file input26.cif (mmCIF, C-alpha atoms)
data_work
loop_
_atom_site.label_atom_id
_atom_site.label_comp_id
_atom_site.auth_asym_id
_atom_site.auth_seq_id
_atom_site.Cartn_x
_atom_site.Cartn_y
_atom_site.Cartn_z
CA MET P 1 0.07 35.12 -44.54
CA GLN P 2 1.21 37.96 -42.23
CA ASN P 3 -2.16 37.89 -40.50
CA LYS P 4 -1.77 34.16 -39.90
CA ARG P 5 1.69 34.70 -38.42
CA PHE P 6 0.36 37.46 -36.20
CA PHE P 7 -2.43 35.28 -34.86
CA ILE P 8 -0.01 32.41 -34.20
CA LYS P 9 2.21 34.80 -32.22
CA LEU P 10 -0.81 36.09 -30.36
CA GLY P 11 -1.89 32.52 -29.57
CA LEU P 12 1.59 31.62 -28.32
CA HIS P 13 1.64 34.67 -26.07
CA ALA P 14 -1.81 33.80 -24.72
CA LEU P 15 -0.72 30.23 -24.06
CA PHE P 16 2.43 31.47 -22.31
CA LEU P 17 0.34 33.86 -20.21
CA ILE P 18 -2.02 31.09 -19.11
CA ILE P 19 0.80 28.69 -18.26
CA VAL P 20 2.62 31.32 -16.19
CA TYR P 21 -0.64 32.25 -14.43
CA ILE P 22 -1.34 28.63 -13.53
CA LEU P 23 2.23 28.22 -12.27
CA GLN P 24 2.00 31.36 -10.15
CA HIS P 25 -1.51 30.97 -8.78
CA PHE P 26 -1.92 27.23 -8.41
CA VAL P 27 1.59 25.81 -8.11
CA PHE P 28 4.05 28.26 -6.60
CA SER P 29 1.50 29.87 -4.28
CA ARG P 30 1.67 26.52 -2.46
CA ILE P 31 5.48 26.54 -2.38
CA PRO P 32 6.51 29.55 -0.33
CA LEU P 33 10.21 30.21 0.12
CA TRP P 34 11.38 32.21 3.16
CA GLY P 35 7.65 32.56 3.95
CA VAL P 36 6.82 34.41 0.72
CA LYS P 37 5.23 33.52 -2.60
CA PRO P 38 6.85 34.58 -5.89
CA LEU P 39 5.61 37.04 -8.52
CA ILE P 40 6.06 35.18 -11.79
CA LEU P 41 3.65 37.02 -14.10
CA PRO P 42 5.38 40.39 -13.57
CA VAL P 43 8.75 38.80 -14.39
CA ALA P 44 7.21 37.32 -17.54
CA ALA P 45 5.67 40.67 -18.54
CA LEU P 46 9.02 42.39 -18.02
CA GLY P 47 10.69 39.70 -20.15
CA ILE P 48 8.20 40.08 -23.00
CA GLY P 49 8.69 43.85 -22.91
CA PHE P 50 12.46 43.57 -22.68
CA PHE P 51 12.96 41.07 -25.51
CA GLY P 52 9.86 41.73 -27.59
CA GLY P 53 9.66 45.50 -27.47
CA SER P 54 7.58 48.05 -25.61
CA VAL P 55 4.39 47.49 -27.66
CA TRP P 56 4.23 43.79 -26.90
CA GLY P 57 5.35 44.47 -23.34
CA GLY P 58 2.46 46.88 -22.91
CA ILE P 59 -0.14 44.54 -24.42
CA PHE P 60 1.10 41.49 -22.53
CA GLY P 61 1.35 43.64 -19.39
CA ILE P 62 -2.34 44.57 -19.51
CA PHE P 63 -3.50 40.96 -19.54
CA ALA P 64 -0.83 39.81 -17.09
CA GLY P 65 -1.85 42.68 -14.81
CA MET P 66 -5.51 41.73 -14.96
CA LEU P 67 -4.66 38.14 -14.03
CA CYS P 68 -2.39 39.35 -11.22
CA ASP P 69 -5.22 41.43 -9.79
CA VAL P 70 -7.42 38.34 -9.85
CA ALA P 71 -4.74 36.23 -8.17
CA PHE P 72 -3.77 38.82 -5.56
CA VAL P 73 -7.31 40.15 -4.99
CA THR P 74 -6.02 43.69 -5.32
CA THR P 75 -7.40 46.89 -6.73
CA PRO P 76 -6.40 47.45 -10.37
CA LEU P 77 -2.84 47.98 -9.17
CA PHE P 78 -1.25 45.42 -11.48
CA THR P 79 -3.54 46.17 -14.44
CA ILE P 80 -1.99 49.65 -14.41
CA ALA P 81 1.51 48.83 -13.22
CA LEU P 82 2.39 45.87 -15.45
CA PRO P 83 1.71 47.50 -18.84
CA ALA P 84 3.75 50.48 -17.67
CA LEU P 85 6.57 48.21 -16.57
CA GLY P 86 6.35 46.20 -19.81
CA ILE P 87 6.68 49.38 -21.85
CA GLY P 88 9.50 50.59 -19.58
CA ALA P 89 11.37 47.30 -20.01
CA GLY P 90 11.00 47.60 -23.79
CA LEU P 91 12.38 51.12 -23.74
CA LEU P 92 15.31 50.05 -21.58
CA ALA P 93 16.18 47.34 -24.08
CA GLU P 94 15.79 49.69 -27.02
CA TYR P 95 17.84 52.57 -25.61
CA ALA P 96 19.95 51.55 -22.65
CA LEU P 97 20.72 47.87 -22.24
CA LEU P 98 21.91 44.89 -24.27
CA THR P 99 19.29 42.17 -24.62
CA ASN P 100 20.94 39.38 -22.68
CA LEU P 101 20.28 37.42 -19.50
CA LEU P 102 22.14 39.82 -17.20
CA SER P 103 20.19 42.80 -18.53
CA TYR P 104 16.92 40.88 -18.15
CA LEU P 105 17.92 40.16 -14.55
CA ILE P 106 18.65 43.85 -13.89
CA THR P 107 15.39 44.96 -15.53
CA SER P 108 13.41 42.41 -13.51
CA LEU P 109 15.11 43.56 -10.31
CA LEU P 110 14.13 47.18 -11.03
CA GLY P 111 10.58 46.19 -11.96
CA LEU P 112 10.16 44.04 -8.84
CA PHE P 113 11.42 46.92 -6.67
CA VAL P 114 8.76 49.18 -8.17
CA ILE P 115 6.05 46.55 -7.57
CA SER P 116 7.18 46.00 -3.99
CA PHE P 117 7.04 49.71 -3.32
CA LEU P 118 3.51 49.90 -4.75
CA GLN P 119 2.46 46.97 -2.56
CA MET P 120 4.07 48.51 0.53
CA PHE P 121 2.57 51.92 -0.17
CA PRO P 122 -0.73 51.55 1.74
CA PHE P 123 1.07 49.94 4.68
CA ILE P 124 3.63 52.76 4.84
CA PHE P 125 1.19 55.63 4.56
CA PHE P 126 -2.13 54.37 5.93
CA ARG P 127 -1.22 51.73 8.50
CA ASP P 128 1.02 51.61 11.46
CA VAL P 129 3.45 48.95 10.29
CA GLU P 130 7.18 48.98 10.94
CA LEU P 131 9.08 49.76 7.76
CA SER P 132 11.72 47.12 8.49
CA ILE P 133 9.08 44.36 8.42
CA LEU P 134 7.72 45.60 5.11
CA LEU P 135 11.21 45.87 3.61
CA LYS P 136 12.03 42.36 4.73
CA VAL P 137 8.95 40.92 3.02
CA ALA P 138 9.60 43.03 -0.08
CA ALA P 139 13.22 41.87 -0.26
CA MET P 140 12.32 38.21 0.11
CA GLN P 141 9.53 38.51 -2.46
CA THR P 142 11.93 40.18 -4.90
CA ALA P 143 14.64 37.59 -4.33
CA TYR P 144 12.28 34.63 -4.78
CA SER P 145 10.69 36.18 -7.88
CA LEU P 146 14.09 36.92 -9.44
CA LEU P 147 14.85 33.19 -9.53
CA PHE P 148 12.18 32.86 -12.21
CA VAL P 149 14.20 35.01 -14.60
CA PHE P 150 16.27 31.92 -15.40
CA PRO P 151 13.49 29.50 -16.44
CA LEU P 152 11.61 32.33 -18.21
CA TYR P 153 14.63 33.57 -20.16
CA LEU P 154 14.42 31.03 -22.98
CA PRO P 155 10.61 31.09 -23.46
CA VAL P 156 10.45 34.91 -23.62
CA GLN P 157 13.39 34.96 -26.01
CA TYR P 158 11.72 32.33 -28.17
CA LEU P 159 8.48 34.31 -28.27
CA SER P 160 10.26 37.53 -29.19
CA ARG P 161 12.44 35.79 -31.81
CA ARG P 162 9.32 34.59 -33.63
CA ARG P 163 8.19 38.17 -33.95
CA ARG P 164 11.23 39.34 -35.85
CA MET O 1 30.20 -65.59 -44.32
CA LYS O 2 26.60 -66.73 -44.09
CA LYS O 3 27.54 -68.99 -41.14
CA LYS O 4 29.25 -66.08 -39.41
CA GLY O 5 26.06 -64.00 -39.76
CA ILE O 6 23.93 -66.78 -38.34
CA ALA O 7 26.37 -67.11 -35.42
CA ILE O 8 26.18 -63.36 -34.65
CA ALA O 9 22.38 -63.44 -34.85
CA ALA O 10 22.27 -66.47 -32.56
CA ALA O 11 24.62 -64.76 -30.08
CA ALA O 12 22.48 -61.61 -30.12
CA LEU O 13 19.36 -63.65 -29.57
CA ALA O 14 21.06 -65.49 -26.70
CA VAL O 15 22.06 -62.18 -25.10
CA ALA O 16 18.52 -60.91 -25.54
CA ILE O 17 17.08 -64.05 -23.97
CA ILE O 18 19.51 -63.78 -21.04
CA ILE O 19 18.64 -60.12 -20.52
CA GLY O 20 14.94 -60.95 -20.80
CA ILE O 21 15.20 -63.78 -18.27
CA ALA O 22 17.31 -61.62 -15.93
CA THR O 23 14.86 -58.75 -16.15
CA ARG O 24 11.97 -61.06 -15.54
CA ALA O 25 13.77 -62.66 -12.57
CA LEU O 26 14.52 -59.21 -10.98
CA GLY O 27 10.90 -58.16 -11.38
CA ASP O 28 10.12 -54.39 -10.84
CA SER O 29 13.04 -53.71 -8.59
CA SER O 30 15.54 -52.96 -11.24
CA ASP O 31 15.27 -52.71 -14.96
CA PHE O 32 18.73 -52.62 -16.34
CA VAL O 33 17.63 -51.68 -19.84
CA SER O 34 15.32 -49.02 -18.60
CA ASN O 35 17.94 -47.70 -16.26
CA THR O 36 20.58 -47.69 -18.91
CA VAL O 37 18.29 -46.08 -21.44
CA ASN O 38 17.07 -43.60 -18.91
CA ALA O 39 20.57 -42.79 -17.77
CA VAL O 40 21.74 -42.27 -21.29
CA MET O 41 18.65 -40.39 -22.39
CA ARG O 42 18.25 -38.18 -19.35
CA PRO O 43 20.59 -35.41 -20.53
CA VAL O 44 19.05 -35.69 -23.95
CA GLY O 45 15.57 -35.43 -22.40
CA SER O 46 16.63 -32.49 -20.34
CA GLY O 47 18.08 -30.84 -23.41
CA VAL O 48 14.92 -31.49 -25.35
CA ALA O 49 12.83 -30.12 -22.47
CA VAL O 50 14.94 -26.96 -22.38
CA ILE O 51 14.57 -26.55 -26.11
CA ALA O 52 10.84 -27.27 -25.86
CA ASP O 53 10.48 -24.71 -23.09
CA PHE O 54 12.42 -22.21 -25.12
CA LEU O 55 10.24 -22.85 -28.16
CA GLU O 56 7.14 -22.65 -26.00
CA GLY O 57 8.43 -19.35 -24.68
CA ILE O 58 8.87 -18.05 -28.20
CA TYR O 59 5.42 -19.33 -29.06
CA GLY O 60 4.02 -17.67 -25.96
CA TYR O 61 5.85 -14.43 -26.72
CA MET O 62 4.57 -14.48 -30.31
CA PHE O 63 1.02 -15.52 -29.64
CA GLU O 64 0.39 -14.68 -25.95
CA TYR O 65 2.20 -11.33 -25.75
CA ASP O 66 -0.73 -9.24 -26.88
CA ARG O 67 -3.10 -11.04 -24.52
CA LEU O 68 -0.70 -10.62 -21.57
CA LYS O 69 -0.11 -6.99 -22.44
CA THR O 70 -3.85 -6.34 -22.54
CA GLU O 71 -4.28 -8.22 -19.28
CA ASN O 72 -1.46 -6.20 -17.71
CA GLU O 73 -3.03 -2.94 -18.84
CA ASP O 74 -6.41 -4.05 -17.51
CA LEU O 75 -4.83 -4.90 -14.17
CA LYS O 76 -3.02 -1.57 -14.02
CA ALA O 77 -6.28 0.24 -14.72
CA ARG O 78 -7.98 -1.81 -12.04
CA VAL O 79 -5.23 -1.00 -9.51
CA ALA O 80 -5.52 2.71 -10.36
CA GLU O 81 -9.29 2.48 -9.98
CA LEU O 82 -8.95 0.80 -6.58
CA GLU O 83 -6.39 3.37 -5.45
CA GLN O 84 -8.79 6.13 -6.51
CA GLN O 85 -11.57 4.42 -4.57
CA ILE O 86 -9.34 4.37 -1.47
CA ARG O 87 -8.56 8.06 -1.89
CA ASP O 88 -12.24 8.88 -2.45
CA SER O 89 -13.13 6.86 0.59
CA ALA O 90 -10.59 8.75 2.73
CA ALA O 91 -11.94 12.07 1.44
CA ALA O 92 -15.52 10.91 2.09
CA ASN O 93 -14.55 9.93 5.63
CA GLU O 94 -13.05 13.37 6.23
CA GLU O 95 -16.15 15.05 4.85
CA ASN O 96 -18.32 12.77 6.96
CA LYS O 97 -16.43 13.88 10.09
CA ARG O 98 -16.87 17.52 9.15
CA LEU O 99 -20.58 17.06 8.53
CA ARG O 100 -21.02 15.30 11.89
CA GLU O 101 -19.39 18.29 13.58
CA LEU O 102 -21.60 20.59 11.54
CA LEU O 103 -24.65 18.68 12.73
CA LYS O 104 -23.66 19.44 16.33
CA LEU O 105 -23.27 23.11 15.38
CA ARG O 106 -26.70 23.10 13.70
CA GLU O 107 -28.23 21.71 16.90
CA LYS O 108 -26.67 24.56 18.88
CA ARG O 109 -27.35 27.28 16.31
CA SER O 110 -30.57 26.36 14.54
CA ASP O 111 -30.89 29.94 13.27
CA PHE O 112 -27.91 29.52 10.92
CA GLU O 113 -28.64 28.96 7.27
CA LEU O 114 -25.40 27.44 6.03
CA GLU O 115 -23.94 26.84 2.58
CA SER O 116 -21.10 24.37 2.25
CA ALA O 117 -18.24 25.29 -0.10
CA THR O 118 -14.80 24.00 -0.92
CA ILE O 119 -11.68 26.13 -1.21
CA ASN O 120 -10.65 26.50 -4.85
CA SER O 121 -7.41 28.36 -4.33
CA TRP O 122 -5.54 30.61 -1.95
CA GLY O 123 -4.63 34.16 -2.91
CA SER O 124 -1.00 34.34 -3.96
CA SER O 125 -0.25 37.76 -2.48
CA ASN O 126 2.26 38.20 0.31
CA TRP O 127 0.38 41.27 1.55
CA SER O 128 -3.07 39.86 2.25
CA SER O 129 -4.77 36.64 3.30
CA THR O 130 -7.62 35.53 1.05
CA PHE O 131 -8.99 32.45 -0.66
CA THR O 132 -11.58 31.62 -3.28
CA ILE O 133 -14.50 29.27 -2.62
CA SER O 134 -16.58 27.16 -4.96
CA LYS O 135 -19.92 28.90 -4.39
CA GLY O 136 -21.17 32.35 -5.25
CA SER O 137 -24.28 34.46 -5.63
CA ASN O 138 -26.08 31.63 -7.48
CA SER O 139 -26.07 29.76 -4.16
CA GLY O 140 -27.51 32.71 -2.27
CA ILE O 141 -24.21 33.96 -0.85
CA GLU O 142 -23.93 37.72 -0.33
CA LEU O 143 -21.11 40.18 0.26
CA LEU O 144 -19.81 40.25 3.86
CA ASP O 145 -21.40 36.88 4.64
CA CYS O 146 -19.54 35.19 7.42
CA VAL O 147 -17.45 32.05 6.76
CA ILE O 148 -16.88 29.43 9.47
CA THR O 149 -15.54 25.91 9.95
CA GLU O 150 -17.68 22.90 10.87
CA HIS O 151 -16.84 23.61 14.54
CA GLY O 152 -18.22 27.14 14.32
CA TYR O 153 -14.80 28.80 14.32
CA LEU O 154 -14.68 32.09 12.46
CA VAL O 155 -12.67 31.93 9.22
CA GLY O 156 -13.44 35.22 7.50
CA GLN O 157 -15.89 37.21 5.42
CA VAL O 158 -16.91 37.25 1.77
CA ILE O 159 -15.40 40.34 0.12
CA LYS O 160 -15.86 39.60 -3.59
CA LEU O 161 -18.71 37.80 -5.22
CA GLY O 162 -19.19 36.11 -8.57
CA PRO O 163 -22.05 33.88 -9.72
CA THR O 164 -20.20 30.64 -8.95
CA THR O 165 -17.24 31.74 -6.82
CA ALA O 166 -16.58 34.09 -3.95
CA THR O 167 -13.42 35.53 -2.42
CA VAL O 168 -13.08 35.30 1.33
CA ARG O 169 -10.86 37.57 3.41
CA THR O 170 -9.55 35.60 6.39
CA ILE O 171 -9.61 36.91 9.94
CA ILE O 172 -5.83 37.41 9.94
CA ASP O 173 -5.91 39.76 6.92
CA THR O 174 -4.81 43.29 7.70
CA ASN O 175 -8.23 44.70 6.73
CA THR O 176 -10.09 42.61 9.31
CA ASN O 177 -11.86 44.42 12.15
CA VAL O 178 -14.35 42.27 14.04
CA GLY O 179 -16.23 43.09 17.23
CA ALA O 180 -14.95 40.69 19.90
CA LEU O 181 -15.76 39.53 23.40
CA ILE O 182 -13.49 38.00 25.99
CA GLU O 183 -15.54 34.96 26.94
CA ARG O 184 -14.36 34.75 30.56
CA THR O 185 -15.11 38.39 31.44
CA GLY O 186 -17.63 39.41 28.78
CA ILE O 187 -15.64 42.55 28.03
CA SER O 188 -15.76 43.90 24.46
CA ALA O 189 -12.79 44.72 22.25
CA VAL O 190 -11.91 44.55 18.56
CA ALA O 191 -10.09 41.70 16.81
CA SER O 192 -7.94 43.29 14.12
CA GLY O 193 -5.59 42.01 11.45
CA ASP O 194 -1.98 43.12 11.73
CA PHE O 195 0.66 42.78 9.00
CA GLU O 196 3.36 41.36 11.24
CA LYS O 197 0.95 38.97 13.00
CA MET O 198 -0.64 37.93 9.70
CA ARG O 199 2.71 36.52 8.63
CA GLU O 200 2.64 34.37 11.76
CA GLY O 201 -0.98 33.31 11.13
CA LYS O 202 -2.31 35.39 14.05
CA LEU O 203 -4.24 38.62 14.75
CA LYS O 204 -4.43 41.22 17.51
CA LEU O 205 -7.03 42.17 20.07
CA THR O 206 -7.25 45.96 20.15
CA PHE O 207 -9.33 48.66 21.85
CA ILE O 208 -9.15 46.77 25.11
CA PRO O 209 -10.70 48.87 27.91
CA ASP O 210 -8.27 50.00 30.62
CA GLY O 211 -7.98 47.65 33.55
CA THR O 212 -9.28 44.64 31.65
CA GLU O 213 -7.76 41.40 32.82
CA ILE O 214 -6.64 39.24 29.91
CA LEU O 215 -4.94 35.93 30.43
CA ASN O 216 -3.19 33.61 28.04
CA GLY O 217 -5.68 30.97 27.01
CA ASP O 218 -8.71 33.28 27.16
CA THR O 219 -11.22 32.46 24.44
CA ILE O 220 -12.22 35.33 22.19
CA LEU O 221 -15.68 35.26 20.64
CA THR O 222 -17.46 37.48 18.15
CA SER O 223 -19.57 40.14 19.85
CA GLY O 224 -22.20 40.26 17.09
CA LYS O 225 -21.92 44.04 16.80
CA GLY O 226 -22.94 44.98 13.30
CA GLU O 227 -25.22 42.77 11.31
CA SER O 228 -22.84 40.68 9.29
CA ILE O 229 -21.25 38.44 11.92
CA PRO O 230 -23.35 36.48 14.43
CA LYS O 231 -22.60 36.63 18.13
CA GLY O 232 -20.73 33.83 19.87
CA LEU O 233 -18.52 32.45 17.10
CA VAL O 234 -15.07 31.45 18.31
CA ILE O 235 -12.30 33.65 16.91
CA GLY O 236 -9.44 32.08 18.80
CA LYS O 237 -7.46 32.01 22.01
CA VAL O 238 -5.15 34.59 23.52
CA THR O 239 -1.59 33.35 23.27
CA ASP O 240 0.28 36.47 24.30
CA ALA O 241 -1.12 39.19 26.55
CA GLY O 242 0.52 42.13 28.26
CA LEU O 243 1.23 45.84 28.19
CA ASP O 244 2.66 47.77 25.25
CA PRO O 245 6.29 48.92 25.62
CA SER O 246 4.86 52.34 26.53
CA ALA O 247 3.00 50.59 29.39
CA LEU O 248 -0.05 52.68 28.56
CA THR O 249 -2.19 50.25 26.63
CA GLN O 250 -2.85 46.55 26.82
CA TYR O 251 -2.35 44.21 23.92
CA ALA O 252 -3.24 40.62 23.20
CA VAL O 253 -2.32 38.31 20.37
CA ILE O 254 -4.98 35.86 19.22
CA THR O 255 -4.21 32.54 17.59
CA PRO O 256 -7.25 31.65 15.45
CA SER O 257 -9.07 28.46 16.41
CA ALA O 258 -9.69 27.72 12.74
CA ALA O 259 -6.59 26.01 11.34
CA LEU O 260 -6.45 28.24 8.29
CA ASN O 261 -3.61 26.36 6.62
CA GLU O 262 -5.47 23.07 6.76
CA LEU O 263 -8.87 24.20 5.51
CA SER O 264 -10.40 22.48 2.51
CA GLN O 265 -14.10 22.95 3.18
CA VAL O 266 -15.87 25.91 4.80
CA PHE O 267 -19.44 26.94 5.54
CA VAL O 268 -20.96 30.29 4.64
CA ILE O 269 -23.61 31.65 7.02
CA LYS O 270 -26.25 32.98 4.65
CA SER O 271 -28.61 34.14 7.38
CA PHE O 272 -28.92 34.10 11.17
CA ASP O 273 -30.99 35.65 13.93
CA ILE O 274 -29.64 38.95 15.16
CA VAL O 275 -29.51 39.01 18.95
CA GLU O 276 -29.80 42.49 20.44
#

call {"tool": "encode", "arguments": {"input": "input26.cif", "output": "structure tokens"}}
result
Amino acid sequence: MQNKRFFIKLGLHALFLIIVYILQHFVFSRIPLWGVKPLILPVAALGIGFFGGSVWGGIFGIFAGMLCDVAFVTTPLFTIALPALGIGAGLLAEYALLTNLLSYLITSLLGLFVISFLQMFPFIFFRDVELSILLKVAAMQTAYSLLFVFPLYLPVQYLSRRRR
Amino acid sequence: MKKKGIAIAAAALAVAIIIGIATRALGDSSDFVSNTVNAVMRPVGSGVAVIADFLEGIYGYMFEYDRLKTENEDLKARVAELEQQIRDSAAANEENKRLRELLKLREKRSDFELESATINSWGSSNWSSTFTISKGSNSGIELLDCVITEHGYLVGQVIKLGPTTATVRTIIDTNTNVGALIERTGISAVASGDFEKMREGKLKLTFIPDGTEILNGDTILTSGKGESIPKGLVIGKVTDAGLDPSALTQYAVITPSAALNELSQVFVIKSFDIVE
């Protein structure tokens, strides 16, 4: 019976992952705002970690990261970063923050800052690009991505509630 | 009593005879009885007709509804099918135009072995410019193969390869470095991606030799240096040329000739003759 429940939860997480990936890669990549495209999978991974705990955040983060690397055609940046962020979000919820919308928003903001820095890193250190331009893109990307905290709040809460 | 009845009957008969004679005498012009009956019965007839229509409607609703519903669904499906045919026809026309242009390119560059592919999706990163195409190594595509439009405008290069898909890095991506030629003067330089320009859909011309004259509107071609990109493909036109703020080096901004935002079909150059 417990095994069955576990597999249902796993299936729901997989379904959620696929839906978010499709939304990010096929839908919202065509709807740029302020000239940038949003990062939805990282916000989802942070949400799963924050509401579902660091273990689920880490597991979901691995797969979300792999899909992000496919979508962004990057090195395994997200495959490493997202599990770490998922675990970090889980730890924040367990030890530092209340699990509510505002805290999810703050956690997502922190996570998106980290991701932006990682994305800016090669441009800062290996290319001759003005920092102000990079910061502007990073800020707009973070702002656009943060909007997705609101529609993702209920689904990630629902998924984590089923686990308890 | 009996006499009274006979009198009434006789009077009625007399009235009937008079009416009959009068009707006969007036011929077809006016039929008093008919008119009277018609006048009296008209509202009744209308009422009956309304009721009959109403009943017919109910009958129709009860017995014709399913047929009409089916017919309606059939018609809707037919309309959808026709709309799809119109859309397909428009897409076929567009493809036809592209293939006609490609035919012209094939006449000019008979050494090109081309593979047509459609764009599956664009990369969703804000830090690079890539897209995925519908063909891969199964179609003979290789890493660093050059991707062009039907007009022969350079689009990018294959940087990741799967059996049925490939990822193309566009010429505006920050990792792009392509040997270039200024068509008007024949002077060599390098067309390079730049983060700031990439966000505007443009790239830069770098390593321009001192004293080179560059004008807005100059066409920039590929130089063919290296073995992955053929010589003479159009990269774009110079839209901003001048000296750096330091006044030591020249710069030029290139607007790609390939309308990257509007691409739906591209052509991969699988092989070509290398011109020394």

call {"tool": "interface_residues", "arguments": {"input": "input26.cif", "of": "chain O", "to": "chain P", "cutoff": "6 Å", "atoms": "all atoms listed in the file", "output": "mmCIF file with C-alpha atoms, in the coordinates of the input"}}
result
data_model
loop_
_atom_site.group_PDB
_atom_site.id
_atom_site.type_symbol
_atom_site.label_atom_id
_atom_site.label_comp_id
_atom_site.auth_asym_id
_atom_site.auth_seq_id
_atom_site.Cartn_x
_atom_site.Cartn_y
_atom_site.Cartn_z
ATOM 1 C CA GLY O 123 -4.630 34.160 -2.910
ATOM 2 C CA SER O 124 -1.000 34.340 -3.960
ATOM 3 C CA SER O 125 -0.250 37.760 -2.480
ATOM 4 C CA ASN O 126 2.260 38.200 0.310
#

call {"tool": "atom_distance", "arguments": {"input": "input26.cif", "atom1": "CA of Gly53 in chain P", "atom2": "CA of Leu17 in chain P"}}
result
16.6 Å

call {"tool": "atom_distance", "arguments": {"input": "input26.cif", "atom1": "CA of Phe272 in chain O", "atom2": "CA of Ser110 in chain O"}}
result
8.6 Å

call {"tool": "resolve_selection", "arguments": {"input": "input26.cif", "expression": "the PyMOL selection byres ((chain O and resi 147) around 12)", "output": "PyMOL selection string"}}
result
chain O and resi 112-119+130-133+135+141-146+148-159+166-171+228-230+233-235+258+260+263+265-271

call {"tool": "closest_residue", "arguments": {"input": "input26.cif", "among": "O:Asn216, O:Asn138, O:Arg109, O:Lys76", "to": "Asp273 in chain O", "atoms": "all atoms listed in the file"}}
result
O:Arg109

call {"tool": "residues_around", "arguments": {"input": "input26.cif", "residues": "Ile106 in chain P", "least_positions_apart": "3", "cutoff": "12 Å", "atoms": "all atoms listed in the file", "output": "PyMOL selection string"}}
result
chain P and resi 43+46-47+50+89+92-93+96-103+109-113+142+146+149

call {"tool": "atom_distance", "arguments": {"input": "input26.cif", "atom1": "CA of Val253 in chain O", "atom2": "CA of Lys197 in chain O"}}
result
8.1 Å

call {"tool": "axis_aligned_box", "arguments": {"input": "input26.cif", "around": "range 180-186 of chain O", "padding_each_side": "8 Å", "output": "JSON"}}
result
{"center_x": -15.6, "center_y": 37.7, "center_z": 25.7, "size_x": 20.1, "size_y": 21.9, "size_z": 27.5}

call {"tool": "closest_residue", "arguments": {"input": "input26.cif", "among": "P:Trp56, P:Tyr104, P:Phe78, P:Tyr144", "to": "Ser160 in chain P", "atoms": "all atoms listed in the file"}}
result
P:Trp56

call {"tool": "resolve_selection", "arguments": {"input": "input26.cif", "expression": "the PyMOL selection byres ((chain P and resi 64) around 9)", "output": "PyMOL selection string"}}
result
chain P and resi 17+21+41-42+44-45+59-63+65-69+78-79+82-83
